[in-house]
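Q: I'm passing along query.txt; it holds compact mmCIF, C-alpha atoms.
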# COMPACT_ATOMS: atom_id res chain seq x y z
CA MET K 998 228.24 210.82 113.90
CA GLU K 999 230.99 208.37 114.61
CA LYS K 1000 234.70 209.15 114.94
CA LYS K 1001 236.64 209.52 111.70
CA THR K 1002 233.51 210.33 109.66
CA VAL K 1003 234.57 212.74 106.92
CA LEU K 1004 232.15 215.65 106.70
CA ILE K 1005 234.04 217.61 104.06
CA ASN K 1006 236.91 216.45 101.85
CA GLU K 1007 239.65 218.89 100.94
CA GLY K 1008 239.64 219.64 97.22
CA GLU K 1009 236.01 218.61 96.70
CA LYS K 1010 232.80 220.59 96.37
CA THR K 1011 230.02 219.92 98.84
CA ASN K 1012 226.31 220.65 98.84
CA SER K 1013 226.09 220.40 102.62
CA ILE K 1014 226.89 222.66 105.55
CA TYR K 1015 227.27 221.07 108.98
CA TYR K 1016 226.54 222.48 112.42
CA ILE K 1017 228.33 220.83 115.35
CA GLU K 1018 225.78 220.52 118.16
CA THR K 1019 228.09 218.45 120.39
CA GLY K 1020 231.53 216.95 119.93
CA ILE K 1021 234.79 217.93 118.24
CA VAL K 1022 235.76 218.15 114.57
CA LYS K 1023 239.36 218.03 113.33
CA LYS K 1024 240.35 220.39 110.49
CA THR K 1025 243.12 219.13 108.19
CA HIS K 1026 244.97 220.44 105.14
CA ALA K 1027 247.32 218.22 103.11
CA ASN K 1028 246.89 215.48 105.76
CA GLN K 1029 248.21 217.83 108.48
CA THR K 1030 245.98 218.68 111.43
CA ILE K 1031 245.42 222.44 111.44
CA GLY K 1032 243.03 222.76 114.36
CA PHE K 1033 239.93 221.62 116.17
CA GLN K 1034 236.44 223.08 116.37
CA GLY K 1035 233.71 222.14 118.77
CA GLU K 1036 230.15 222.86 119.77
CA GLY K 1037 228.49 225.72 117.97
CA SER K 1038 230.78 225.71 114.93
CA PHE K 1039 229.83 225.37 111.28
CA GLN K 1040 231.72 223.24 108.77
CA GLY K 1041 231.66 224.10 105.08
CA MET K 1042 230.81 227.78 105.36
CA SER K 1043 233.97 228.86 103.51
CA THR K 1044 232.50 227.42 100.31
CA LEU K 1045 228.94 228.60 100.90
CA ILE K 1046 228.66 231.47 98.42
CA MET K 1047 230.93 230.48 95.55
CA ASN K 1048 230.55 226.69 95.91
CA GLU K 1049 234.31 226.29 95.51
CA GLU K 1050 236.36 223.26 96.38
CA ALA K 1051 236.99 223.00 100.11
CA ASN K 1052 240.46 224.12 101.21
CA MET K 1053 240.36 221.95 104.36
CA SER K 1054 238.87 218.63 105.35
CA SER K 1055 236.54 218.36 108.34
CA ILE K 1056 236.68 215.02 110.13
CA VAL K 1057 234.70 213.97 113.21
CA PHE K 1058 237.29 213.69 116.01
CA GLU K 1059 235.02 212.41 118.77
CA THR K 1060 231.51 211.04 118.52
CA SER K 1061 229.41 214.09 117.71
CA TYR K 1062 225.85 215.22 117.13
CA VAL K 1063 225.90 217.02 113.79
CA ILE K 1064 223.08 218.78 111.92
CA GLU K 1065 223.35 218.79 108.13
CA PHE K 1066 221.91 221.62 106.02
CA ARG K 1067 221.58 221.86 102.27
CA ARG K 1068 223.94 224.58 101.01
CA CYS K 1069 221.38 226.38 98.81
CA GLU K 1070 218.71 226.51 101.51
CA LEU K 1071 221.15 227.86 104.08
CA LEU K 1072 222.54 230.45 101.67
CA GLU K 1073 219.03 231.66 100.84
CA TYR K 1074 218.17 231.94 104.53
CA ILE K 1075 221.35 233.80 105.51
CA LEU K 1076 221.14 236.26 102.64
CA SER K 1077 217.50 237.02 103.48
CA MET K 1078 218.56 238.19 106.94
CA GLN K 1079 219.76 241.73 107.43
CA GLU K 1080 222.68 240.39 109.49
CA GLY K 1081 223.52 237.62 107.01
CA TRP K 1082 226.69 239.20 105.65
CA LEU K 1083 227.92 239.94 109.16
CA PHE K 1084 227.34 236.30 110.08
CA LEU K 1085 229.40 235.11 107.09
CA PHE K 1086 232.14 237.59 108.00
CA LEU K 1087 232.30 236.24 111.57
CA ILE K 1088 232.56 232.66 110.31
CA GLU K 1089 235.50 233.70 108.11
CA LYS K 1090 237.15 235.48 111.07
CA GLU K 1091 236.90 232.26 113.12
CA GLU K 1092 238.73 230.32 110.41
CA GLN K 1093 241.43 233.00 110.26
CA ARG K 1094 241.76 232.85 114.06
CA MET K 1095 242.31 229.09 113.89
CA LEU K 1096 245.07 229.50 111.28
CA LEU K 1097 246.75 232.30 113.25
CA GLU K 1098 246.62 230.10 116.35
CA LYS K 1099 248.47 227.38 114.43
CA ILE K 1100 251.12 229.92 113.39
CA ALA K 1101 251.45 231.18 116.97
CA GLN K 1102 252.01 227.69 118.39
CA ASN K 1103 254.85 227.14 115.92
CA GLN K 1104 256.72 230.09 117.46
CA TYR K 1105 257.40 228.02 120.59
CA HIS K 1106 259.70 225.02 120.96
CA GLY K 1107 259.74 221.86 123.04
CA THR K 1108 257.87 221.87 126.33
CA ASP K 1109 256.86 225.53 125.97
CA ARG K 1110 255.08 224.64 122.73
CA MET K 1111 253.36 221.67 124.34
CA LYS K 1112 252.22 223.77 127.30
CA TYR K 1113 250.84 226.41 124.94
CA ILE K 1114 248.97 223.80 122.88
CA LEU K 1115 247.63 221.87 125.87
CA LEU K 1116 246.42 225.03 127.62
CA ASN K 1117 244.75 226.17 124.42
CA LEU K 1118 243.00 222.81 123.93
CA ALA K 1119 242.04 222.72 127.61
CA SER K 1120 240.43 226.17 127.39
CA LYS K 1121 238.21 224.96 124.54
CA PHE K 1122 237.55 221.30 125.25
CA GLY K 1123 238.80 220.55 128.78
CA VAL K 1124 236.64 219.53 131.72
CA SER K 1125 237.44 220.64 135.26
CA VAL K 1126 238.02 217.68 137.58
CA GLU K 1127 239.01 218.38 141.19
CA GLY K 1128 240.53 221.72 140.22
CA ASN K 1129 242.57 220.21 137.39
CA THR K 1130 241.66 220.20 133.71
CA LYS K 1131 241.14 216.89 131.92
CA LEU K 1132 241.34 216.78 128.13
CA PRO K 1133 239.03 214.46 126.17
CA SER K 1134 240.60 211.04 125.64
CA GLU K 1135 240.76 211.71 121.88
CA PHE K 1136 243.67 214.08 122.56
CA ASN K 1137 246.13 211.21 123.01
CA ARG K 1138 249.82 211.01 122.13
CA ASP K 1139 249.11 210.07 118.51
CA SER K 1140 246.63 212.87 117.79
CA LEU K 1141 248.83 215.41 119.58
CA SER K 1142 251.84 214.17 117.63
CA ASP K 1143 249.96 214.77 114.39
CA TYR K 1144 248.75 218.21 115.52
CA THR K 1145 252.14 219.44 116.74
CA CYS K 1146 254.24 217.90 113.93
CA TYR K 1147 256.39 216.09 116.50
CA SER K 1148 257.25 212.43 116.06
CA PRO K 1149 255.51 210.00 118.44
CA ALA K 1150 258.84 209.38 120.23
CA THR K 1151 259.40 213.12 120.74
CA MET K 1152 255.80 213.49 121.92
CA THR K 1153 256.31 210.75 124.50
CA ASN K 1154 259.49 212.44 125.76
CA LEU K 1155 257.78 215.85 125.96
CA ILE K 1156 254.86 214.41 127.90
CA LYS K 1157 257.28 212.69 130.31
CA GLN K 1158 259.07 216.03 130.78
CA LEU K 1159 255.75 217.77 131.50
CA HIS K 1160 255.03 215.07 134.10
CA ARG K 1161 258.39 215.77 135.76
CA GLU K 1162 257.67 219.52 135.73
CA LYS K 1163 254.31 218.75 137.41
CA PHE K 1164 252.43 220.44 134.55
CA LEU K 1165 250.63 217.16 133.75
CA ALA K 1166 249.34 214.62 136.23
CA PRO K 1167 250.94 211.17 135.91
CA THR K 1168 248.75 209.02 133.66
CA GLY K 1169 248.93 205.71 131.87
CA ARG K 1170 249.40 205.50 128.12
CA GLN K 1171 245.66 205.09 127.43
CA GLN K 1172 244.40 207.60 130.02
CA PRO K 1173 243.36 211.16 129.15
CA LEU K 1174 245.89 213.89 129.85
CA LYS K 1175 245.19 215.99 132.92
CA ILE K 1176 246.69 219.47 133.36
CA LEU K 1177 247.48 220.21 136.99
CA LYS K 1178 246.26 223.49 138.42
CA GLU K 1179 248.94 226.15 138.58
Just give me the structure of the file as structure tokens.

A:
Amino acid sequence: MEKKTVLINEGEKTNSIYYIETGIVKKTHANQTIGFQGEGSFQGMSTLIMNEEANMSSIVFETSYVIEFRRCELLEYILSMQEGWLFLFLIEKEEQRMLLEKIAQNQYHGTDRMKYILLNLASKFGVSVEGNTKLPSEFNRDSLSDYTCYSPATMTNLIKQLHREKFLAPTGRQQPLKILKE
């Protein structure tokens, strides 16, 4: 699926559950980025049993390979398994972890907050290049500004500060961020 494809709209019911084979999906609530999920994650599981309105939107963040399942068929399959309830519980725990992570990042300020966020994103989505960690190009100043609730000007200043502290490698405006090894 292409970037910016909306898999699930907040406040709407869906008859589909999505499995992310490759790529990254952005989770939003009230137009605020809450977190990111990647390979091996399901989208839409929080509404699986009760078929409620979704409490978050799921939007393709980078070109992804996504498998779509019909909600009823997946529910029938999961409930027929002995471990089905455990599986649903683990999916719920993952969503709680993502929300707690968002709360934790808000405990930091300025460059400490940016370091925390960048290291967290790098641990999930980064690629090791010559001992450093390169983030996907989708994690640019604009998307990070949205995720951190900093203005684009503040984000630019924080990134410049992280360059001076030698936490980030010097890059151009359109180049992916690269975290230097510590």

Q: Mind pulling up the distance from CA of Lys1010 (chain K) to CA of Thr1025 (chain K)?

A: 15.8 Å

Q: Could you please determine the separation between CA of Ile1064 (chain K) and CA of Lys1000 (chain K) in Å, to one decimal place?

A: 15.4 Å

Q: I'd like a table as a tab-separated table: residues in region 1014-1071 of chain K with an atom no more than 9 Å from region 1112-1132 of chain K, each row giving the shortest atom pair and its distance in Å to one decimal, all atoms listed in the file counted, sorted by chain and rising residue number.

A:
residue	atom	partner	partner_atom	distance
K:Ile1021	CA	K:Phe1122	CA	8.3
K:Phe1033	CA	K:Leu1118	CA	8.4
K:Gln1034	CA	K:Lys1121	CA	8.6
K:Gly1035	CA	K:Phe1122	CA	7.6

Q: How would the residues just chosen look if you wrote them out with C-alpha atoms as a JSON list (two decimals), keeping the file's coordinate frame?

A:
[["chain", "number", "residue", "atom", "x", "y", "z"],
["K", 1021, "ILE", "CA", 234.79, 217.93, 118.24],
["K", 1033, "PHE", "CA", 239.93, 221.62, 116.17],
["K", 1034, "GLN", "CA", 236.44, 223.08, 116.37],
["K", 1035, "GLY", "CA", 233.71, 222.14, 118.77]]

Q: For Leu1165 (chain K), which residue out of K:Ser1148, K:Thr1108, K:Ser1142, K:Thr1030 is the nearest one, using only C-alpha atoms?

A: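 The shortest atom-to-atom distance to Leu1165 (chain K) comes from K:Thr1108.
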
Q: Hey, can you check how far CA of His1160 (chain K) sits from CA of Thr1060 (chain K)?

A: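 Result for CA of His1160 (chain K) versus CA of Thr1060 (chain K): 28.5 Å, one decimal.
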
Q: Nearest residue to Cys1146 (chain K) out of K:Arg1110, K:Lys1023, K:Lys1001, K:Arg1094, using all atoms listed in the file?

A: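 Closest residue, counting all atoms listed in the file: K:Arg1110.
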
Q: Just the residues within 7 Å of Ile1017 (chain K), please, counting all atoms listed in the file, with nothing from its chain fewer than 3 positions along; format it as a PyMOL selection string.

A: chain K and resi 1020+1035-1039+1062-1064
